[in-house]
>>> print(open('coords11.cif').read())   # mmCIF, C-alpha atoms
data_protein
#
loop_
_atom_site.label_atom_id
_atom_site.label_comp_id
_atom_site.auth_asym_id
_atom_site.auth_seq_id
_atom_site.Cartn_x
_atom_site.Cartn_y
_atom_site.Cartn_z
CA MET A 940 -9.81 10.68 34.42
CA GLU A 941 -10.00 14.44 33.98
CA CYS A 942 -7.35 16.23 31.92
CA SER A 943 -5.38 19.17 33.23
CA ILE A 944 -5.53 22.54 31.48
CA GLY A 945 -2.01 21.88 30.19
CA GLN A 946 -3.01 18.55 28.65
CA MET A 947 -6.07 20.11 27.06
CA THR A 948 -3.91 22.92 25.66
CA ASP A 949 -1.48 20.37 24.20
CA ARG A 950 -4.37 18.65 22.46
CA ALA A 951 -5.55 21.97 21.06
CA HIS A 952 -2.06 22.66 19.70
CA LEU A 953 -2.08 19.29 17.93
CA LEU A 954 -5.37 20.17 16.26
CA ILE A 955 -4.01 23.54 15.20
CA GLU A 956 -0.91 21.86 13.75
CA ALA A 957 -3.15 19.54 11.75
CA LEU A 958 -5.37 22.34 10.39
CA PRO A 959 -3.23 23.38 7.39
CA TYR A 960 -2.88 19.76 6.34
CA ILE A 961 -6.64 19.18 6.63
CA ARG A 962 -7.13 22.24 4.43
CA GLN A 963 -4.43 21.17 1.96
CA PHE A 964 -5.72 17.61 1.50
CA TYR A 965 -9.46 18.30 1.69
CA GLY A 966 -11.14 16.56 -1.25
CA LYS A 967 -7.89 14.88 -2.32
CA THR A 968 -7.42 11.16 -2.97
CA ILE A 969 -5.00 9.34 -0.65
CA VAL A 970 -4.13 5.75 -1.61
CA VAL A 971 -2.99 3.59 1.31
CA LYS A 972 -1.55 0.11 0.93
CA TYR A 973 -1.29 -2.23 3.86
CA GLY A 974 -1.02 -5.93 4.43
CA GLY A 975 1.29 -8.56 5.82
CA HIS A 976 1.61 -8.72 9.59
CA ALA A 977 -0.44 -5.54 10.11
CA LEU A 978 -3.50 -7.43 8.88
CA GLY A 979 -2.98 -10.10 11.53
CA ASP A 980 -2.66 -7.75 14.51
CA MET A 981 -6.06 -6.50 15.66
CA GLN A 982 -4.65 -3.57 17.65
CA ILE A 983 -2.77 -2.29 14.59
CA ARG A 984 -5.80 -2.88 12.37
CA ARG A 985 -7.99 -0.83 14.69
CA CYS A 986 -5.48 2.07 14.70
CA ILE A 987 -5.27 2.05 10.90
CA THR A 988 -9.05 1.83 10.62
CA ASN A 989 -9.54 4.77 12.98
CA ASP A 990 -7.06 6.80 10.93
CA ILE A 991 -8.87 5.98 7.68
CA ILE A 992 -12.25 6.91 9.15
CA LEU A 993 -10.92 10.21 10.51
CA MET A 994 -9.36 11.03 7.12
CA LYS A 995 -12.74 10.41 5.51
CA TYR A 996 -14.63 12.57 8.01
CA VAL A 997 -12.29 15.56 7.55
CA GLY A 998 -12.92 15.52 3.82
CA MET A 999 -10.18 13.38 2.32
CA LYS A 1000 -10.82 10.47 -0.04
CA PRO A 1001 -8.88 7.47 1.34
CA ILE A 1002 -8.52 4.35 -0.80
CA LEU A 1003 -7.28 1.12 0.81
CA VAL A 1004 -5.37 -1.45 -1.23
CA HIS A 1005 -4.37 -4.58 0.66
CA GLY A 1006 -2.22 -7.64 0.26
CA GLY A 1007 -2.37 -10.73 2.40
CA GLY A 1008 0.70 -12.91 1.92
CA PRO A 1009 0.61 -14.51 5.39
CA GLN A 1010 -3.11 -15.20 5.05
CA ILE A 1011 -2.57 -16.87 1.66
CA SER A 1012 0.25 -19.01 3.05
CA GLU A 1013 -1.89 -20.03 6.02
CA LEU A 1014 -4.80 -21.07 3.81
CA MET A 1015 -2.52 -23.02 1.49
CA SER A 1016 -0.96 -24.78 4.47
CA ARG A 1017 -4.39 -25.72 5.81
CA VAL A 1018 -5.27 -27.49 2.57
CA GLY A 1019 -1.87 -29.21 2.41
CA LYS A 1020 -0.37 -27.08 -0.37
CA LYS A 1021 3.19 -25.84 0.04
CA SER A 1022 4.03 -22.20 -0.67
CA GLU A 1023 6.86 -21.78 -3.18
CA PHE A 1024 8.59 -18.57 -4.20
CA VAL A 1025 10.89 -17.55 -7.04
CA ASN A 1026 12.70 -14.23 -6.54
CA GLY A 1027 10.10 -13.27 -3.94
CA LEU A 1028 7.16 -14.05 -6.25
CA ARG A 1029 4.68 -16.71 -5.16
CA VAL A 1030 4.42 -19.61 -7.57
CA THR A 1031 0.71 -19.64 -8.36
CA ASP A 1032 -0.55 -22.65 -10.29
CA GLU A 1033 -4.21 -23.22 -11.18
CA ASP A 1034 -5.06 -24.62 -7.74
CA ALA A 1035 -3.11 -21.91 -5.90
CA VAL A 1036 -4.71 -18.99 -7.74
CA GLY A 1037 -8.11 -20.11 -6.47
CA LEU A 1038 -6.75 -20.15 -2.93
CA VAL A 1039 -5.16 -16.71 -3.45
CA GLU A 1040 -8.48 -15.28 -4.56
CA MET A 1041 -10.28 -16.99 -1.68
CA ALA A 1042 -7.86 -15.56 0.89
CA LEU A 1043 -7.60 -12.03 -0.54
CA VAL A 1044 -11.13 -11.42 -1.75
CA GLY A 1045 -13.19 -13.73 0.42
CA GLN A 1046 -11.31 -13.46 3.70
CA VAL A 1047 -9.02 -10.45 4.03
CA ASN A 1048 -11.06 -7.97 1.98
CA LYS A 1049 -14.32 -8.64 3.75
CA SER A 1050 -12.60 -8.58 7.14
CA VAL A 1051 -11.16 -5.12 6.45
CA VAL A 1052 -14.51 -3.85 5.15
CA SER A 1053 -16.39 -5.22 8.16
CA LEU A 1054 -14.04 -3.54 10.63
CA ILE A 1055 -14.33 -0.14 8.92
CA ASN A 1056 -18.12 -0.40 8.94
CA LEU A 1057 -18.18 -1.63 12.55
CA MET A 1058 -16.05 1.32 13.72
CA GLY A 1059 -18.24 3.98 12.16
CA GLY A 1060 -17.04 4.22 8.58
CA SER A 1061 -18.71 3.13 5.36
CA ALA A 1062 -16.63 0.84 3.14
CA VAL A 1063 -17.20 -1.37 0.12
CA GLY A 1064 -14.82 -4.15 -0.85
CA ILE A 1065 -13.92 -4.97 -4.44
CA SER A 1066 -11.17 -6.79 -6.30
CA GLY A 1067 -9.30 -5.74 -9.40
CA LYS A 1068 -11.62 -8.01 -11.41
CA ASP A 1069 -14.70 -5.95 -10.54
CA GLY A 1070 -15.66 -3.53 -13.29
CA ASN A 1071 -12.56 -4.57 -15.26
CA MET A 1072 -10.60 -2.37 -12.89
CA ILE A 1073 -7.23 -4.16 -13.18
CA ARG A 1074 -6.30 -5.80 -16.46
CA ALA A 1075 -3.24 -8.04 -16.36
CA ARG A 1076 -1.06 -10.45 -18.30
CA LYS A 1077 1.28 -13.23 -17.26
CA LYS A 1078 4.44 -12.13 -15.48
CA TYR A 1079 7.60 -14.23 -15.70
CA ALA A 1080 10.26 -14.39 -12.99
CA ARG A 1081 13.79 -13.45 -14.05
CA VAL A 1082 16.27 -15.97 -12.64
CA GLN A 1083 20.04 -15.67 -12.82
CA GLN A 1084 21.62 -18.99 -13.79
CA GLU A 1085 25.02 -20.25 -12.61
CA ASN A 1086 26.53 -19.42 -15.99
CA GLY A 1087 25.44 -15.81 -15.53
CA ARG A 1088 22.67 -15.96 -18.11
CA GLU A 1089 19.21 -14.70 -17.20
CA GLU A 1090 16.27 -17.03 -17.73
CA LEU A 1091 12.53 -16.30 -17.68
CA VAL A 1092 10.66 -18.77 -15.49
CA ASP A 1093 6.91 -19.42 -15.73
CA ILE A 1094 5.47 -19.08 -12.21
CA GLY A 1095 1.82 -19.55 -13.14
CA TYR A 1096 -0.96 -17.07 -12.59
CA VAL A 1097 1.18 -14.18 -11.40
CA GLY A 1098 0.34 -11.03 -13.31
CA GLU A 1099 1.72 -7.69 -14.31
CA ILE A 1100 -0.72 -4.84 -14.80
CA THR A 1101 -1.47 -3.67 -18.32
CA GLU A 1102 -4.28 -1.22 -17.51
CA VAL A 1103 -6.14 0.28 -14.55
CA ASN A 1104 -9.69 1.52 -15.02
CA PRO A 1105 -10.46 3.93 -12.15
CA SER A 1106 -14.21 4.25 -12.90
CA PRO A 1107 -15.42 1.70 -10.27
CA ILE A 1108 -13.31 3.42 -7.60
CA ARG A 1109 -14.57 6.87 -8.59
CA ALA A 1110 -18.16 5.62 -8.39
CA LEU A 1111 -17.59 4.42 -4.82
CA GLU A 1112 -15.86 7.69 -3.88
CA GLU A 1113 -18.78 9.70 -5.23
CA GLY A 1114 -21.14 7.52 -3.20
CA GLY A 1115 -19.27 8.41 -0.01
CA PHE A 1116 -17.68 4.99 0.49
CA VAL A 1117 -14.13 4.00 1.32
CA PRO A 1118 -13.08 1.58 -1.45
CA VAL A 1119 -11.15 -1.44 -0.16
CA ILE A 1120 -9.34 -3.19 -3.00
CA ALA A 1121 -7.84 -6.68 -3.19
CA GLY A 1122 -4.85 -7.04 -5.50
CA VAL A 1123 -6.02 -9.53 -8.10
CA GLY A 1124 -6.59 -8.78 -11.76
CA ALA A 1125 -8.21 -10.30 -14.84
CA GLY A 1126 -6.52 -11.49 -18.01
CA GLU A 1127 -7.80 -11.21 -21.58
CA ASP A 1128 -9.76 -14.44 -21.24
CA GLY A 1129 -11.08 -13.67 -17.75
CA GLU A 1130 -8.44 -15.69 -15.93
CA THR A 1131 -7.42 -14.53 -12.45
CA TYR A 1132 -3.94 -13.17 -11.84
CA ASN A 1133 -2.25 -12.63 -8.49
CA ILE A 1134 -0.87 -9.06 -8.47
CA ASN A 1135 1.81 -7.70 -6.13
CA ALA A 1136 -0.14 -5.39 -3.79
CA ASP A 1137 2.56 -2.69 -3.68
CA THR A 1138 2.57 -2.51 -7.48
CA ALA A 1139 -1.23 -2.57 -7.68
CA ALA A 1140 -1.54 0.24 -5.14
CA GLY A 1141 0.99 2.40 -6.98
CA ARG A 1142 -0.73 1.92 -10.33
CA ILE A 1143 -4.13 2.65 -8.78
CA ALA A 1144 -2.73 5.83 -7.19
CA ALA A 1145 -1.44 6.93 -10.59
CA ALA A 1146 -4.75 6.14 -12.35
CA LEU A 1147 -6.61 8.21 -9.74
CA ASP A 1148 -4.12 11.11 -9.96
CA ALA A 1149 -3.77 10.76 -6.18
CA GLU A 1150 -2.30 13.43 -3.97
CA LYS A 1151 -0.49 10.86 -1.84
CA PHE A 1152 0.48 7.21 -2.03
CA ILE A 1153 1.29 5.69 1.36
CA LEU A 1154 2.86 2.26 1.89
CA LEU A 1155 2.56 0.81 5.39
CA THR A 1156 5.39 -1.60 6.20
CA ASP A 1157 7.04 -3.35 9.16
CA VAL A 1158 10.04 -0.98 9.30
CA ARG A 1159 10.54 2.74 9.95
CA GLY A 1160 10.99 3.45 6.24
CA ALA A 1161 13.97 3.35 3.92
CA LEU A 1162 17.16 3.02 5.99
CA ARG A 1163 20.79 3.59 5.00
CA ASP A 1164 21.70 0.82 7.44
CA PRO A 1165 18.94 -1.84 7.64
CA VAL A 1166 19.76 -2.66 11.28
CA ASP A 1167 19.97 0.96 12.48
CA GLU A 1168 16.68 2.88 12.52
CA SER A 1169 18.56 6.13 13.25
CA THR A 1170 19.72 6.02 9.60
CA LEU A 1171 16.19 6.68 8.32
CA ILE A 1172 16.12 8.49 4.97
CA SER A 1173 13.48 11.11 5.75
CA THR A 1174 13.29 12.49 2.21
CA MET A 1175 14.32 10.74 -1.00
CA ARG A 1176 14.15 12.36 -4.41
CA VAL A 1177 13.10 10.25 -7.40
CA SER A 1178 16.53 10.48 -9.03
CA GLU A 1179 18.20 9.16 -5.87
CA ALA A 1180 16.25 5.89 -5.81
CA PRO A 1181 18.10 4.05 -8.65
CA LYS A 1182 21.47 5.01 -7.11
CA LEU A 1183 20.44 3.71 -3.67
CA ILE A 1184 19.30 0.43 -5.23
CA ALA A 1185 22.44 0.07 -7.35
CA ASP A 1186 24.84 0.65 -4.43
CA GLY A 1187 22.99 -1.82 -2.19
CA THR A 1188 21.64 0.74 0.29
CA LEU A 1189 18.12 -0.43 -0.55
CA ALA A 1190 17.69 -4.19 -0.64
CA GLY A 1191 15.17 -7.00 -0.23
CA GLY A 1192 11.53 -6.08 0.15
CA MET A 1193 12.29 -2.35 0.20
CA ILE A 1194 13.23 -2.37 -3.50
CA PRO A 1195 9.74 -3.15 -4.91
CA LYS A 1196 8.20 -0.66 -2.48
CA VAL A 1197 10.50 2.16 -3.57
CA LYS A 1198 10.05 1.20 -7.23
CA ALA A 1199 6.26 1.29 -6.83
CA CYS A 1200 6.53 4.76 -5.28
CA VAL A 1201 8.84 6.04 -8.02
CA GLU A 1202 6.59 4.71 -10.79
CA ALA A 1203 3.56 6.36 -9.16
CA LEU A 1204 5.40 9.69 -8.98
CA HIS A 1205 6.47 9.42 -12.62
CA GLN A 1206 2.79 9.01 -13.49
CA GLY A 1207 1.60 12.09 -11.65
CA VAL A 1208 1.15 11.21 -7.97
CA ARG A 1209 2.32 14.21 -5.94
CA LYS A 1210 4.15 12.48 -3.10
CA ALA A 1211 4.76 8.94 -1.81
CA HIS A 1212 5.49 7.73 1.72
CA ILE A 1213 6.88 4.53 3.24
CA ILE A 1214 6.03 4.36 6.93
CA ASP A 1215 5.89 1.88 9.81
CA GLY A 1216 2.33 0.63 10.15
CA ARG A 1217 3.13 -0.84 13.57
CA ILE A 1218 3.31 2.65 15.09
CA ALA A 1219 -0.03 3.68 16.57
CA HIS A 1220 -1.85 6.11 14.26
CA SER A 1221 1.08 6.22 11.86
CA LEU A 1222 -1.11 7.54 9.04
CA LEU A 1223 -2.20 10.56 11.07
CA LEU A 1224 1.34 11.24 12.22
CA GLU A 1225 2.62 11.21 8.64
CA ILE A 1226 -0.18 13.29 7.13
CA PHE A 1227 -1.05 15.77 9.87
CA THR A 1228 2.27 16.66 11.52
CA ASP A 1229 5.16 18.85 10.40
CA GLU A 1230 7.85 16.20 10.95
CA GLY A 1231 6.21 12.98 9.69
CA ILE A 1232 7.57 9.62 10.78
CA GLY A 1233 8.83 7.70 7.74
CA THR A 1234 10.40 8.17 4.33
CA GLN A 1235 8.80 10.54 1.85
CA ILE A 1236 9.69 10.18 -1.81
CA VAL A 1237 9.27 13.35 -3.84
CA PRO A 1238 9.82 14.59 -7.40
CA ASP A 1239 13.21 16.14 -8.09
CA ASP A 1240 11.69 19.61 -8.46
CA GLU A 1241 9.98 19.48 -5.05
CA GLU A 1242 11.17 22.36 -2.86
#
>>> encode(input="coords11.cif", output="structure tokens")
Amino acid sequence: MECSIGQMTDRAHLLIEALPYIRQFYGKTIVVKYGGHALGDMQIRRCITNDIILMKYVGMKPILVHGGGPQISELMSRVGKKSEFVNGLRVTDEDAVGLVEMALVGQVNKSVVSLINLMGGSAVGISGKDGNMIRARKKYARVQQENGREELVDIGYVGEITEVNPSPIRALEEGGFVPVIAGVGAGEDGETYNINADTAAGRIAAALDAEKFILLTDVRGALRDPVDESTLISTMRVSEAPKLIADGTLAGGMIPKVKACVEALHQGVRKAHIIDGRIAHSLLLEIFTDEGIGTQIVPDDEE
């Protein structure tokens, strides 16, 4: 169907609006984390993939870091292993960590890479174990007991990051590839650790001195009222985040996302965003338009 002159003019205006952002972010590293339900919806995956490929072709350096909680749970269920969680952290015993690695590295990672390559991009998939990229140690869950005392609980091969080596990612960037990274890391003795993907993405963004760190979620962004999307917090300053957590405004799964963003900003990332990955071309709308669509978290001295 042919477009009218008016429609063509509108499209031209959109390109003109995007021009200063293309210029501003040319050659800059943008770390994008996505996972969860977005990975299971092919229409959403195609939109995100198109956005990543376009970002690459206009001169940006996108890095994809992915999770895969639903995919891990599905695989564990198929082999008759029950998923258990403590304070939102998956209990990962010796059998489970093998399944985690199989789902994240063998299934999800290669699926994301294949789609990018199929749609005209050029991607290479790696895990945090490749090139000693993510070093980790055991992470314990903090559990509040009935008597009010806090207890550390061993939840298996769940890790916290001790070091990120950006060299393997830089090598892929220099080769013109989009790095696609699965959130697992290696311990001192080579053991595999399951790493929270939000945390891994934030630490990778910091290690790369990224211009932007973008978290794709299943909600509009950070909301003052979790059931009212009109209460979206469009801009949050770093110093506001602890107050919003303490007063209960931010709760549940939003807390680790905001904390990952704040930590990345403290370590030099310029700006962080939490946006709804279910919205078609949400990455382009956040990066290339004046208004954006989600929550941006900025340093206190940002004008």
>>> resolve_selection(input="coords11.cif", expression="the PyMOL selection byres ((chain A and resi 1117) around 7)", output="MDAnalysis selection string")
chainID A and resid 1001:1002 1061:1063 1112 1115:1116 1118:1119
>>> resolve_selection(input="coords11.cif", expression="the PyMOL selection byres ((chain A and resi 1209) around 12)", output="ChimeraX atom specification")
/A:964,967-970,1141,1144-1145,1147-1153,1177,1200-1208,1210-1212,1235-1241
>>> atom_distance(input="coords11.cif", atom1="CA of Leu1003 in chain A", atom2="CA of Tyr973 in chain A")
7.5 Å
>>> closest_residue(input="coords11.cif", among="A:Leu978, A:Ile961, A:Val1004, A:Val1123", to="Leu1038 in chain A", atoms="only C-alpha atoms")
A:Val1123
>>> closest_residue(input="coords11.cif", among="A:Gly1216, A:Gly1160, A:Pro1165, A:Gly1191", to="Gly1233 in chain A", atoms="only C-alpha atoms")
A:Gly1160
>>> atom_distance(input="coords11.cif", atom1="CA of Ile983 in chain A", atom2="CA of Ala1219 in chain A")
6.9 Å
>>> atom_distance(input="coords11.cif", atom1="CA of Gln982 in chain A", atom2="CA of Leu1222 in chain A")
14.5 Å
>>> closest_residue(input="coords11.cif", among="A:Arg1029, A:Arg1074, A:Arg1017, A:His1005", to="Leu1154 in chain A", atoms="only C-alpha atoms")
A:His1005
>>> closest_residue(input="coords11.cif", among="A:Lys1020, A:Arg1159, A:His952, A:Lys1182", to="Glu1225 in chain A", atoms="all atoms listed in the file")
A:Arg1159
>>> build_atoms(input="coords11.cif", residues="range 1156-1178 of chain A", atoms="N, CA, C and O atoms", output="JSON list (two decimals), in the frame of the given file")
[["chain", "number", "residue", "atom", "x", "y", "z"],
["A", 1156, "THR", "N", 4.49, -0.46, 6.15],
["A", 1156, "THR", "CA", 5.39, -1.60, 6.20],
["A", 1156, "THR", "C", 5.67, -2.01, 7.64],
["A", 1156, "THR", "O", 5.06, -1.48, 8.57],
["A", 1157, "ASP", "N", 6.64, -2.90, 7.82],
["A", 1157, "ASP", "CA", 7.04, -3.35, 9.16],
["A", 1157, "ASP", "C", 8.35, -2.72, 9.60],
["A", 1157, "ASP", "O", 8.97, -3.19, 10.56],
["A", 1158, "VAL", "N", 8.80, -1.68, 8.91],
["A", 1158, "VAL", "CA", 10.04, -0.98, 9.30],
["A", 1158, "VAL", "C", 9.78, 0.52, 9.28],
["A", 1158, "VAL", "O", 8.76, 0.98, 8.76],
["A", 1159, "ARG", "N", 10.72, 1.30, 9.83],
["A", 1159, "ARG", "CA", 10.54, 2.74, 9.95],
["A", 1159, "ARG", "C", 10.36, 3.42, 8.60],
["A", 1159, "ARG", "O", 9.69, 4.44, 8.48],
["A", 1160, "GLY", "N", 10.97, 2.86, 7.58],
["A", 1160, "GLY", "CA", 10.99, 3.45, 6.24],
["A", 1160, "GLY", "C", 12.23, 2.95, 5.54],
["A", 1160, "GLY", "O", 12.74, 1.87, 5.85],
["A", 1161, "ALA", "N", 12.73, 3.71, 4.58],
["A", 1161, "ALA", "CA", 13.97, 3.35, 3.92],
["A", 1161, "ALA", "C", 15.15, 3.75, 4.82],
["A", 1161, "ALA", "O", 15.23, 4.89, 5.27],
["A", 1162, "LEU", "N", 16.04, 2.79, 5.08],
["A", 1162, "LEU", "CA", 17.16, 3.02, 5.99],
["A", 1162, "LEU", "C", 18.48, 2.90, 5.22],
["A", 1162, "LEU", "O", 18.62, 2.05, 4.34],
["A", 1163, "ARG", "N", 19.45, 3.73, 5.60],
["A", 1163, "ARG", "CA", 20.79, 3.59, 5.00],
["A", 1163, "ARG", "C", 21.50, 2.36, 5.55],
["A", 1163, "ARG", "O", 22.29, 1.73, 4.87],
["A", 1164, "ASP", "N", 21.20, 2.04, 6.82],
["A", 1164, "ASP", "CA", 21.70, 0.82, 7.44],
["A", 1164, "ASP", "C", 20.49, 0.04, 7.92],
["A", 1164, "ASP", "O", 19.77, 0.50, 8.82],
["A", 1165, "PRO", "N", 20.19, -1.12, 7.34],
["A", 1165, "PRO", "CA", 18.94, -1.84, 7.64],
["A", 1165, "PRO", "C", 18.78, -2.27, 9.09],
["A", 1165, "PRO", "O", 17.68, -2.62, 9.51],
["A", 1166, "VAL", "N", 19.87, -2.26, 9.87],
["A", 1166, "VAL", "CA", 19.76, -2.66, 11.28],
["A", 1166, "VAL", "C", 19.83, -1.45, 12.22],
["A", 1166, "VAL", "O", 19.86, -1.62, 13.43],
["A", 1167, "ASP", "N", 19.84, -0.25, 11.66],
["A", 1167, "ASP", "CA", 19.97, 0.96, 12.48],
["A", 1167, "ASP", "C", 18.88, 1.95, 12.07],
["A", 1167, "ASP", "O", 19.00, 2.63, 11.04],
["A", 1168, "GLU", "N", 17.81, 2.02, 12.88],
["A", 1168, "GLU", "CA", 16.68, 2.88, 12.52],
["A", 1168, "GLU", "C", 17.01, 4.36, 12.59],
["A", 1168, "GLU", "O", 16.27, 5.19, 12.05],
["A", 1169, "SER", "N", 18.15, 4.72, 13.23],
["A", 1169, "SER", "CA", 18.56, 6.13, 13.25],
["A", 1169, "SER", "C", 19.05, 6.60, 11.88],
["A", 1169, "SER", "O", 19.26, 7.80, 11.68],
["A", 1170, "THR", "N", 19.25, 5.65, 10.94],
["A", 1170, "THR", "CA", 19.72, 6.02, 9.60],
["A", 1170, "THR", "C", 18.56, 6.19, 8.62],
["A", 1170, "THR", "O", 18.76, 6.09, 7.40],
["A", 1171, "LEU", "N", 17.38, 6.46, 9.15],
["A", 1171, "LEU", "CA", 16.19, 6.68, 8.32],
["A", 1171, "LEU", "C", 16.45, 7.77, 7.28],
["A", 1171, "LEU", "O", 16.96, 8.84, 7.60],
["A", 1172, "ILE", "N", 16.08, 7.48, 6.04],
["A", 1172, "ILE", "CA", 16.12, 8.49, 4.97],
["A", 1172, "ILE", "C", 14.78, 9.21, 5.00],
["A", 1172, "ILE", "O", 13.77, 8.69, 4.51],
["A", 1173, "SER", "N", 14.75, 10.40, 5.57],
["A", 1173, "SER", "CA", 13.48, 11.11, 5.75],
["A", 1173, "SER", "C", 12.89, 11.55, 4.42],
["A", 1173, "SER", "O", 11.67, 11.46, 4.21],
["A", 1174, "THR", "N", 13.75, 12.05, 3.52],
["A", 1174, "THR", "CA", 13.29, 12.49, 2.21],
["A", 1174, "THR", "C", 14.19, 11.91, 1.13],
["A", 1174, "THR", "O", 15.41, 11.99, 1.23],
["A", 1175, "MET", "N", 13.59, 11.32, 0.13],
["A", 1175, "MET", "CA", 14.32, 10.74, -1.00],
["A", 1175, "MET", "C", 13.75, 11.34, -2.28],
["A", 1175, "MET", "O", 12.53, 11.34, -2.48],
["A", 1176, "ARG", "N", 14.60, 11.85, -3.12],
["A", 1176, "ARG", "CA", 14.15, 12.36, -4.41],
["A", 1176, "ARG", "C", 14.15, 11.22, -5.43],
["A", 1176, "ARG", "O", 14.91, 10.27, -5.31],
["A", 1177, "VAL", "N", 13.28, 11.33, -6.42],
["A", 1177, "VAL", "CA", 13.10, 10.25, -7.40],
["A", 1177, "VAL", "C", 14.42, 9.83, -8.02],
["A", 1177, "VAL", "O", 14.70, 8.63, -8.18],
["A", 1178, "SER", "N", 15.27, 10.81, -8.36],
["A", 1178, "SER", "CA", 16.53, 10.48, -9.03],
["A", 1178, "SER", "C", 17.51, 9.76, -8.12],
["A", 1178, "SER", "O", 18.45, 9.13, -8.60]]
